[in-house]
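J.: structure-v1.txt is the file, holding compact mmCIF, C-alpha atoms:
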```
# COMPACT_ATOMS: atom_id res chain seq x y z
CA MET P 229 0.00 0.00 0.00
CA ASP P 230 1.14 3.55 -0.75
CA LEU P 231 2.90 5.22 2.20
CA HIS P 232 0.50 8.17 1.96
CA TYR P 233 -2.54 5.97 2.58
CA LEU P 234 -0.78 4.12 5.39
CA THR P 235 -0.34 7.52 7.05
CA VAL P 236 -4.03 8.27 6.49
CA ILE P 237 -5.06 4.97 8.09
CA LEU P 238 -2.70 5.47 11.03
CA LEU P 239 -4.06 8.97 11.70
CA GLY P 240 -7.63 7.66 11.43
CA ILE P 241 -6.86 4.97 14.02
CA VAL P 242 -5.22 7.49 16.36
CA GLU P 243 -8.23 9.82 16.03
CA GLY P 244 -10.79 7.08 16.60
CA LEU P 245 -8.89 5.70 19.60
CA THR P 246 -8.28 8.99 21.37
CA GLU P 247 -11.15 11.38 20.52
CA PHE P 248 -13.37 10.27 23.40
CA LEU P 249 -10.70 9.13 25.84
CA PRO P 250 -9.29 11.75 28.24
CA VAL P 251 -5.86 11.59 26.58
CA SER P 252 -6.14 14.27 23.82
CA SER P 253 -6.68 13.21 20.22
CA THR P 254 -5.16 16.46 18.91
CA GLY P 255 -2.10 15.99 21.09
CA HIS P 256 -1.60 12.44 19.83
CA LEU P 257 -1.98 13.55 16.21
CA ILE P 258 0.64 16.28 16.76
CA LEU P 259 3.07 13.82 18.33
CA ALA P 260 2.35 11.32 15.53
CA SER P 261 3.32 13.98 12.98
CA GLU P 262 6.62 14.52 14.80
CA LEU P 263 7.29 10.77 15.04
CA LEU P 264 6.51 10.14 11.37
CA GLY P 265 8.37 13.25 10.24
CA TYR P 266 5.71 14.66 7.93
CA ASP P 267 4.64 18.29 7.54
CA ALA P 268 1.98 18.75 10.23
CA SER P 269 0.71 22.00 8.68
CA VAL P 270 -0.29 20.15 5.50
CA TRP P 271 -2.34 17.65 7.51
CA ALA P 272 -3.79 20.05 10.09
CA MET P 273 -7.09 20.48 8.27
CA PHE P 274 -7.30 16.73 7.59
CA ASN P 275 -6.82 15.99 11.30
CA VAL P 276 -9.73 18.26 12.23
CA VAL P 277 -12.15 17.03 9.57
CA ILE P 278 -11.68 13.30 10.23
CA GLN P 279 -12.93 13.98 13.76
CA LEU P 280 -16.37 14.00 12.16
CA GLY P 281 -15.99 10.25 11.64
CA ALA P 282 -15.63 9.78 15.39
CA ILE P 283 -18.59 12.11 15.96
CA LEU P 284 -20.75 10.00 13.64
CA ALA P 285 -19.93 7.01 15.84
CA VAL P 286 -21.63 8.81 18.76
CA VAL P 287 -24.72 9.47 16.66
CA VAL P 288 -24.91 5.81 15.60
CA LEU P 289 -24.36 4.37 19.09
CA TYR P 290 -26.75 6.78 20.81
CA TRP P 291 -29.38 7.13 18.10
CA ARG P 292 -32.11 5.99 20.49
CA THR P 293 -31.23 8.80 22.90
CA PHE P 294 -31.28 11.39 20.13
CA TRP P 295 -34.55 10.01 18.77
CA ALA P 296 -36.17 10.09 22.21
CA VAL P 297 -35.01 13.69 22.71
CA ALA P 298 -36.31 14.70 19.27
CA MET P 299 -39.71 13.15 19.96
CA GLY P 300 -39.74 14.76 23.39
CA LEU P 301 -39.04 18.16 21.86
CA LEU P 302 -42.02 17.73 19.54
CA ARG P 303 -44.17 16.82 22.54
CA LYS P 304 -42.71 19.76 24.50
CA GLU P 305 -41.43 17.51 27.28
CA PRO P 306 -39.38 19.53 29.84
CA THR P 307 -36.67 16.85 30.14
CA SER P 308 -35.92 16.91 26.42
CA TRP P 309 -35.79 20.70 26.35
CA ARG P 310 -33.40 20.74 29.32
CA PHE P 311 -31.21 18.14 27.56
CA LEU P 312 -30.99 20.33 24.45
CA ARG P 313 -30.54 23.51 26.49
CA ASN P 314 -27.64 22.01 28.45
CA LEU P 315 -25.79 20.91 25.32
CA LEU P 316 -26.19 24.27 23.60
CA ILE P 317 -25.26 26.31 26.67
CA ALA P 318 -22.16 24.19 27.30
CA PHE P 319 -21.14 24.63 23.65
CA ILE P 320 -21.35 28.46 23.58
CA PRO P 321 -18.11 29.27 25.51
CA SER P 322 -15.95 27.13 23.20
CA ALA P 323 -17.63 28.63 20.13
CA VAL P 324 -16.99 32.22 21.24
CA ILE P 325 -13.50 31.73 22.66
CA GLY P 326 -12.48 29.40 19.82
CA LEU P 327 -13.36 32.03 17.21
CA ALA P 328 -11.61 34.78 19.17
CA LEU P 329 -8.39 32.81 19.73
CA HIS P 330 -8.34 30.72 16.55
CA ASP P 331 -5.04 32.08 15.20
CA TYR P 332 -3.27 31.73 18.55
CA ILE P 333 -4.58 28.18 18.97
CA GLU P 334 -3.18 27.29 15.54
CA THR P 335 0.31 28.38 16.62
CA LEU P 336 0.10 26.01 19.58
CA LEU P 337 -0.71 23.12 17.22
CA GLY P 338 2.89 23.26 16.03
CA ALA P 339 4.33 22.94 19.56
CA PRO P 340 4.82 19.26 20.48
CA LYS P 341 6.51 20.11 23.81
CA VAL P 342 3.33 21.93 24.85
CA VAL P 343 1.48 18.67 24.18
CA ALA P 344 3.93 16.65 26.29
CA TRP P 345 3.66 19.00 29.28
CA ALA P 346 -0.13 19.19 28.94
CA LEU P 347 -0.33 15.38 29.01
CA ILE P 348 1.65 15.26 32.25
CA VAL P 349 -0.18 18.11 33.99
CA GLY P 350 -3.55 16.75 32.85
CA GLY P 351 -2.69 13.30 34.18
CA VAL P 352 -1.80 14.71 37.60
CA ALA P 353 -5.03 16.75 37.58
CA ILE P 354 -7.11 13.62 36.88
CA LEU P 355 -5.45 11.78 39.78
CA LEU P 356 -6.18 14.67 42.15
CA ILE P 357 -9.78 15.07 40.99
CA GLU P 358 -10.44 11.32 41.30
CA ARG P 359 -9.23 11.48 44.92
CA MET P 360 -11.16 14.63 45.78
CA VAL P 361 -14.54 13.90 44.18
CA LYS P 362 -16.65 11.64 46.37
CA GLU P 363 -20.25 12.76 45.87
CA ASN P 364 -22.09 12.72 42.55
CA ARG P 365 -25.55 14.26 42.69
CA PHE P 366 -26.55 14.53 39.04
CA HIS P 367 -27.31 11.31 37.14
CA GLY P 368 -28.71 12.62 33.88
CA ILE P 369 -27.70 15.30 31.41
CA ALA P 370 -31.09 16.99 31.69
CA ASP P 371 -30.71 17.06 35.50
CA ILE P 372 -27.53 19.19 35.53
CA PRO P 373 -28.37 22.73 36.76
CA LEU P 374 -27.79 25.60 34.34
CA LEU P 375 -24.95 27.29 36.25
CA ARG P 376 -23.03 24.03 36.43
CA VAL P 377 -23.54 23.52 32.70
CA VAL P 378 -22.03 26.97 32.09
CA GLY P 379 -19.09 25.97 34.27
CA ILE P 380 -18.54 22.77 32.28
CA GLY P 381 -18.66 24.79 29.06
CA PHE P 382 -15.91 27.14 30.23
CA ILE P 383 -13.79 24.28 31.58
CA GLN P 384 -14.00 22.61 28.16
CA CYS P 385 -12.22 25.68 26.72
CA ILE P 386 -9.02 24.66 28.54
CA SER P 387 -8.77 21.89 25.94
CA MET P 388 -7.88 24.49 23.31
CA ILE P 389 -4.36 23.94 24.61
CA PRO P 390 -3.21 20.88 22.61
CA GLY P 391 -2.62 17.90 24.85
CA VAL P 392 -5.22 18.86 27.46
CA SER P 393 -8.04 16.76 25.89
CA ARG P 394 -11.51 18.08 25.15
CA SER P 395 -13.19 14.99 26.57
CA GLY P 396 -10.86 14.98 29.57
CA ALA P 397 -11.53 18.63 30.42
CA THR P 398 -15.28 18.16 30.00
CA ILE P 399 -15.43 14.98 32.06
CA MET P 400 -13.22 16.25 34.88
CA GLY P 401 -15.08 19.55 34.94
CA ALA P 402 -18.39 17.70 35.19
CA LEU P 403 -17.09 15.47 37.99
CA THR P 404 -15.91 18.44 40.06
CA LEU P 405 -19.34 20.01 39.61
CA GLY P 406 -21.18 16.96 40.95
CA VAL P 407 -21.99 14.93 37.83
CA GLU P 408 -21.88 11.12 38.04
CA ARG P 409 -19.06 9.39 36.08
CA ARG P 410 -21.08 7.70 33.34
CA THR P 411 -23.21 10.83 32.79
CA ALA P 412 -20.04 12.97 32.67
CA ALA P 413 -18.56 10.70 29.99
CA GLU P 414 -21.76 10.69 27.92
CA PHE P 415 -22.12 14.46 28.25
CA SER P 416 -18.61 14.81 26.78
CA PHE P 417 -19.66 12.54 23.87
CA PHE P 418 -22.76 14.58 23.08
CA LEU P 419 -21.03 17.92 23.56
CA ALA P 420 -18.41 16.82 21.04
CA ILE P 421 -21.03 16.92 18.28
CA PRO P 422 -21.60 20.71 18.10
CA THR P 423 -18.00 21.43 19.16
CA MET P 424 -16.37 19.31 16.47
CA LEU P 425 -18.91 20.28 13.83
CA GLY P 426 -18.08 23.92 14.53
CA ALA P 427 -14.32 23.35 14.47
CA SER P 428 -14.47 21.34 11.24
CA THR P 429 -16.71 23.89 9.53
CA LEU P 430 -14.33 26.72 10.49
CA GLU P 431 -11.33 24.73 9.26
CA LEU P 432 -13.03 23.94 5.94
CA LEU P 433 -13.95 27.60 5.41
CA LYS P 434 -10.39 28.73 6.10
CA LYS P 435 -8.41 25.94 4.43
CA GLY P 436 -10.80 24.10 2.15
CA ASP P 437 -8.52 24.74 -0.82
CA GLN P 438 -5.95 22.36 0.72
CA ILE P 439 -8.23 19.42 -0.05
CA THR P 440 -7.32 19.76 -3.69
CA SER P 441 -3.57 19.59 -2.94
CA ALA P 442 -1.52 16.65 -4.09
CA GLN P 443 -0.87 15.55 -0.52
CA VAL P 444 -4.33 15.72 1.01
CA GLY P 445 -7.39 15.09 -1.16
CA TRP P 446 -10.97 13.95 -0.87
CA SER P 447 -9.97 10.28 -1.05
CA SER P 448 -7.67 10.75 1.97
CA ILE P 449 -10.39 12.61 3.88
CA ALA P 450 -12.90 9.85 3.12
CA LEU P 451 -10.55 7.05 4.16
CA GLY P 452 -9.54 8.80 7.38
CA PHE P 453 -13.20 9.49 8.14
CA VAL P 454 -14.20 5.82 7.75
CA VAL P 455 -11.28 4.52 9.80
CA SER P 456 -11.88 6.96 12.67
CA PHE P 457 -15.61 6.09 12.61
CA ILE P 458 -15.04 2.33 12.89
CA VAL P 459 -12.40 2.62 15.61
CA ALA P 460 -14.49 5.11 17.64
CA LEU P 461 -17.48 2.72 17.50
CA LEU P 462 -15.38 0.08 19.24
CA VAL P 463 -13.79 2.45 21.73
CA ILE P 464 -16.85 4.31 23.07
CA LYS P 465 -18.70 1.34 24.59
CA TRP P 466 -15.49 -0.08 26.04
CA PHE P 467 -14.66 3.30 27.57
CA VAL P 468 -18.06 3.75 29.23
CA GLY P 469 -17.86 0.27 30.73
CA LEU P 470 -14.31 0.84 32.00
CA VAL P 471 -14.94 4.18 33.70
CA SER P 472 -18.10 2.82 35.33
CA ARG P 473 -15.96 0.12 36.96
CA GLN P 474 -12.52 1.69 37.46
CA GLY P 475 -12.87 5.44 37.00
CA PHE P 476 -10.35 7.54 35.07
CA THR P 477 -7.15 6.70 36.96
CA PRO P 478 -5.73 4.35 34.25
CA PHE P 479 -5.90 7.21 31.73
CA ALA P 480 -4.16 9.56 34.17
CA TRP P 481 -1.16 7.25 34.48
CA TYR P 482 -1.10 6.70 30.73
CA ARG P 483 -0.98 10.49 30.18
CA ILE P 484 1.89 10.92 32.64
CA VAL P 485 3.96 8.11 31.14
CA ALA P 486 3.24 9.22 27.55
CA GLY P 487 4.04 12.85 28.38
CA ILE P 488 7.35 12.01 30.05
CA GLY P 489 8.26 9.70 27.17
CA ALA P 490 7.42 12.40 24.62
CA LEU P 491 9.49 15.01 26.50
CA LEU P 492 12.52 12.71 26.66
CA TRP P 493 12.21 11.86 22.97
CA LEU P 494 11.74 15.49 21.89
CA SER P 495 14.71 16.61 23.99
CA ALA P 496 16.97 13.87 22.62
CA ARG P 497 16.33 14.62 18.94
```
Since I need it in another form, could you write the structure as structure tokens?
T.:
Amino acid sequence: MDLHYLTVILLGIVEGLTEFLPVSSTGHLILASELLGYDASVWAMFNVVIQLGAILAVVVLYWRTFWAVAMGLLRKEPTSWRFLRNLLIAFIPSAVIGLALHDYIETLLGAPKVVAWALIVGGVAILLIERMVKENRFHGIADIPLLRVVGIGFIQCISMIPGVSRSGATIMGALTLGVERRTAAEFSFFLAIPTMLGASTLELLKKGDQITSAQVGWSSIALGFVVSFIVALLVIKWFVGLVSRQGFTPFAWYRIVAGIGALLWLSAR
């Protein structure tokens, strides 16, 4: 197989594996670009757009939830309206801040050492939060009070630093604000839909012409999309089952080890 398409498949696997785990998909894609030695700027738009494959996996796995909410909205059921309200409110901070800081965020995407440090600091933060959080009062997305939803939305914005992890920031923020583990994980899945749709749309508007380049084309986008979709399908259910039993500590230690390893490798080059 052509080396280009092997790279596409590898990036699709990395995206599908890491998008919903609290380990930072963007950070892993940045480190993968350093490890493989390719031009990360050429693939930046590709890396954002293939996230939609992982997002589609959420829609497929939770279609019954989305259908029930849609029917509830038509019947004007308060629970469905609160579900929708909470997702939209939590999305607004990242939409506003992401647009305002887009150019600065892009400069950070070329800083692999930032990723390595963010992995380590984020891992330590998860360990501390897991020890501190004992009581979880909210067991449904529609049950989370509005002010706490706003707090989760702002905490998600920390993930604009590559290596922090969007899902990790959202989940840990939800836990500290009293949300039960499984609900926190599922809230991060659902919140990824508007967040990643917005990020991909912005990237396409700004850099859509790159799709026609010799290095990244529609065939590469399609292949990366399919691979990330299939891998994410397998990962999501496994992840929910794991955190329900063991919490997030295994991912914290993984982040710390991966971050230290990345720092040592980057320093030795």
J.: Restricting the calculation to only C-alpha atoms, which member of P:Arg359, P:Val342, P:Leu315, P:Phe418 is positioned closest to Ala490 of chain P?
T.: P:Val342
J.: Of the residues P:Ala353, P:Val276, P:Ile369, P:Ala296, which is the one nearest to Gly401 of chain P, using only C-alpha atoms?
T.: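 With only C-alpha atoms as the atom set, the closest residue is P:Ala353.
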J.: For the interface of segment 359-427 of chain P with segment 469-485 of chain P (cut-off 10 Å, counting all atoms listed in the file), please tabulate each contacting residue of segment 359-427 of chain P alongside its nearest pair of atoms and their separation in Å to one decimal, rows sorted by chain and increasing number, as JSON lines.
T.:
```
{"residue": "P:Arg359", "atom": "CA", "partner": "P:Thr477", "partner_atom": "CA", "distance": 9.5}
{"residue": "P:Gly391", "atom": "CA", "partner": "P:Arg483", "partner_atom": "CA", "distance": 9.3}
{"residue": "P:Val392", "atom": "CA", "partner": "P:Arg483", "partner_atom": "CA", "distance": 9.8}
{"residue": "P:Gly396", "atom": "CA", "partner": "P:Phe476", "partner_atom": "CA", "distance": 9.3}
{"residue": "P:Ile399", "atom": "CA", "partner": "P:Phe476", "partner_atom": "CA", "distance": 9.5}
{"residue": "P:Met400", "atom": "CA", "partner": "P:Phe476", "partner_atom": "CA", "distance": 9.2}
{"residue": "P:Glu408", "atom": "CA", "partner": "P:Ser472", "partner_atom": "CA", "distance": 9.5}
{"residue": "P:Arg409", "atom": "CA", "partner": "P:Ser472", "partner_atom": "CA", "distance": 6.7}
{"residue": "P:Arg410", "atom": "CA", "partner": "P:Ser472", "partner_atom": "CA", "distance": 6.1}
{"residue": "P:Thr411", "atom": "CA", "partner": "P:Ser472", "partner_atom": "CA", "distance": 9.8}
{"residue": "P:Ala413", "atom": "CA", "partner": "P:Val471", "partner_atom": "CA", "distance": 8.3}
```
J.: List the spatial neighbours of Met424 of chain P as a list in words - criterion: any atom at most 8 Å away, all atoms listed in the file, same-chain residues fewer than 2 positions off excluded.
T.: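 Near neighbours after the sequence-gap exclusion: Val276, Gln279, Leu280, Ile283, Ala420, Ile421, Pro422, Gly426, Ala427 and Ser428 of chain P.
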J.: Using all atoms listed in the file for the distances, tell me which of P:Thr246, P:Thr254, P:Thr404, P:Ser448 is nearest to Ala339 of chain P.
T.: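 Comparing P:Thr246, P:Thr254, P:Thr404, P:Ser448 against Ala339 of chain P, the winner is P:Thr254.
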J.: To one decimal in Å, tell me the separation between atom CA of Arg310 of chain P and atom CA of Ala370 of chain P.
T.: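 Value for the atom CA of Arg310 of chain P-atom CA of Ala370 of chain P distance: 5.0 Å.
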J.: Let me make sure I understand: among P:Thr423, P:Ser393, P:Asn364, P:Gln384, which one has the smallest atom-to-atom distance to Gly406 of chain P if we use all atoms listed in the file?
T.: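 With all atoms listed in the file as the atom set, the closest residue is P:Asn364.
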J.: Return the single residue from P:Arg394, P:Lys465, P:Lys341, P:Lys362 that is closest to Trp493 of chain P, with distances computed using all atoms listed in the file.
T.: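 For Trp493 of chain P, the nearest of the candidates is P:Lys341.
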J.: What is the atom CA of Ser387 of chain P to atom CA of Ser252 of chain P distance in Å?
T.: 8.3 Å
J.: I'd like the interatomic distance between atom CA of Val236 of chain P and atom CA of Leu289 of chain P, to a tenth of an Å.
T.: 24.2 Å
J.: Taking 4 positions as the minimum chain separation for residues in the same chain, which residues sit within 10 Å of Arg365 of chain P when counting all atoms listed in the file? Answer as a ChimeraX atom specification.
T.: /P:371-372,403,405-408
J.: Which residues are near Ala344 of chain P? Cut-off 7 Å, only C-alpha atoms, ignore same chain within fewer than 4 positions. Put them as a PDB file with C-alpha atoms, keeping the file's coordinate frame.
T.:
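Result written to around-v5.pdb:
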```
ATOM      1  CA  PRO P 340       4.820  19.260  20.480  1.00  0.00           C
ATOM      2  CA  ILE P 348       1.650  15.260  32.250  1.00  0.00           C
ATOM      3  CA  GLY P 391      -2.620  17.900  24.850  1.00  0.00           C
ATOM      4  CA  GLY P 487       4.040  12.850  28.380  1.00  0.00           C
ATOM      5  CA  ILE P 488       7.350  12.010  30.050  1.00  0.00           C
ATOM      6  CA  ALA P 490       7.420  12.400  24.620  1.00  0.00           C
ATOM      7  CA  LEU P 491       9.490  15.010  26.500  1.00  0.00           C
TER       8      LEU P 491
END
```
J.: If we count all atoms listed in the file, what is near Pro390 of chain P at a cut-off of 12 Å, once residues fewer than 5 positions away on the same chain are taken out, given as a list in words?
T.: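 Counting all atoms listed in the file, the residues come to Val251, Ser252, Ser253, Thr254, Gly255, His256, Leu257, Ile258, Leu259, Tyr332, Ile333, Glu334, Thr335, Leu336, Leu337, Gly338, Ala339, Pro340, Lys341, Val342, Val343, Ala344, Trp345, Ala346, Leu347, Gly350, Cys385, Gly396 and Ala397 of chain P.
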J.: From the set P:Pro373, P:Ile464, P:Ala486, P:Phe453, which residue has the shortest atom-to-atom contact distance to Gly240 of chain P, counting only C-alpha atoms?
T.: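 Comparing P:Pro373, P:Ile464, P:Ala486, P:Phe453 against Gly240 of chain P, the winner is P:Phe453.
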